[in-house]
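Q: Once you've had a glance at the structure underneath, I'll fire off some questions.
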Amino acid sequence: MTDTKVEIGKQLIAFLPNMRRFGFSLTRSQDKADDLVQAACERALSRADGFEPGTRFDAWIFRIMRNLWIDQIRRNRTAGPQDDIDAQADLVGAEGEREVHARMELAEVARAIVDLPQEQREILVLVCGEDMAYKDVASLLDIPIGTVMSRLARARKKLAEVAGIKPRAGRSVGRNDGQGQ
Amino acid sequence: MNRHPIDDETLMAFADGELDEATAKKVEEAINADETVAERVALFAESRALARDALEPRLDAPVPASLLAAVEAAIARAKSEDTAAREADIIAFRQRKPAVPPAANENRPAFSRLALAAACVAMIASGVVGYIAGGGTQSASPSRIALIDAPGVDEALSNVASGGEMELTAGGAFRAISSFRDETDRFCREFELAGDGSGYVAVACREAGDWSLAFAVDAPIAEGGYAPASSLETLDSYLTSIGAGQPLSAEDEAAALAE
């Protein structure tokens with residue numbers, strides 16, 4: 001048992017950057033994200049038995065984070081998400097002086113990601129940031145894979161639009177999965 | 001050509017490599033037949049790359065030292081709690097035999113009666129709350145609450161003021177750390193027993209004039225020093241669990257000792 005915790009502890013430490021990023025996609029505030037990461041680590045350690053070796057550690061810990069965040073929202077409905085969009089822009093802006101145009105475009109995309117509905121943003125981060133497969137995301141979020149795909153497609157089209165990537169007008173064919181956004 | 005338009009989700013799945021072979025083949029055919037399908041696929045390929053690049057800086061951002069420290073502390077805490085929990089459910093104290101290997105005992109004969117704890121952490125049972133570390137069953141000396149039975153410990157508990165020390169007749173040193181009352185108002189004392197580089201941090205409580213050992217943790221006590229932090233964390237968890245009050249003042253302690 002202790003060995004499990006030692007192992008999970010190691011994985012948590014190594015995975016902190018990804019957890020912080022996913023936390024930001026949930027909370028839109030790096031401070032809140034960090035609090036969430038810490039709480040998730042504590043939860044993960046106390047429920048180390050819940051992790052089955054050989055299964056995806058990332059999906060497990062992301063699910064813990066997400067559940068904690070949902071709990072938190074439920075407990076505290078009055079405190080809406082605090083954005084630190086400026087911090088987001090600063091992060092991108094600090095990349096360096098070269099490729100100014102590309103950098104500005106990326107900053108705009110980063111901003112657009114922050115502005116996405118949360119249900120699209122978290123999926124975008126899991127698929128495009130964490131390279132998770134649709135089915136893994138669907139199982140992590142407990143939603144049908146079709147919903148994952150429609151939300152993700154919507155998010156990606158929005159980003160493409162912000163970045164000035166456009167298909168010829170009238171060719172986009174959406175899918176209605178009845179799950180809202 | 002557009003009689004059966006392919007929806008965005010399918011084209012995105014194609015760009016993401018998520019389609020089964022048969023569907024992927026259909027999309028390929030559609031791409032070859034219709035330039036606009038190719039453009040729509042390209043949109044999803046590019047948007048993925050864009051999202052990945054835009055998200056990348058958050059991954060490169062350094063983890064704040066405070067967060068790292070908090071997580072490391074949580075890991076350390078989980079380990080010690082886990083050790084205590086694992087050892088809680090096993091052995092009633094009176095039934096167990098010391099886990100210290102005979103060789104170790106030979107090196108510290110004066111402490112053989114005290115050498116009842118396992119190599120890492122031992123929580124010793126007394127009364128309702130009873131824990132003991134376990135594992136080994138090698139040694140010959142059967143131990144009841146050997147620690148408290150060691151000649152002189154009882155006497156030291158009843159007389160030595162916190163901060164004070166007393167040489168035990170059986171060898172080793174008794175050092176009184178603090179006194180407090182637990183949630184049932186028992187008078188309890190935290191103390192250390194040290195000898196030959198090994199030792200215990202322990203808590204004994206007095207009931208009807210008799211001392212009983214409530215807790216002990218094996219603590220390799222440094223020369224002239226006190227027990228290491230890891231032992232103390234276990235002790236802290238224990239003290240919290242019994243609702244230990246604040247340490248008594250010297251006056252209150254003296255009064256309680258005189259009772």
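Chains: A, B, ... in order of the structure tokens. Residues: from 1 per chain. Ligands: from 1, in order shown.
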Residues of chain B within 9 Å of chain A, counting only C-alpha atoms - could you list those as a PyMOL selection string?
A: chain B and resi 5-10+12-13+16+18+36-37+39-40+42-44+46-64+67-68+70-72+74-76+78-80+82-83+86
Q: For CA of Gly23 in chain A and CA of Val162 in chain A, determine how far apart the two atoms are, in Å to one decimal place.
A: 23.5 Å
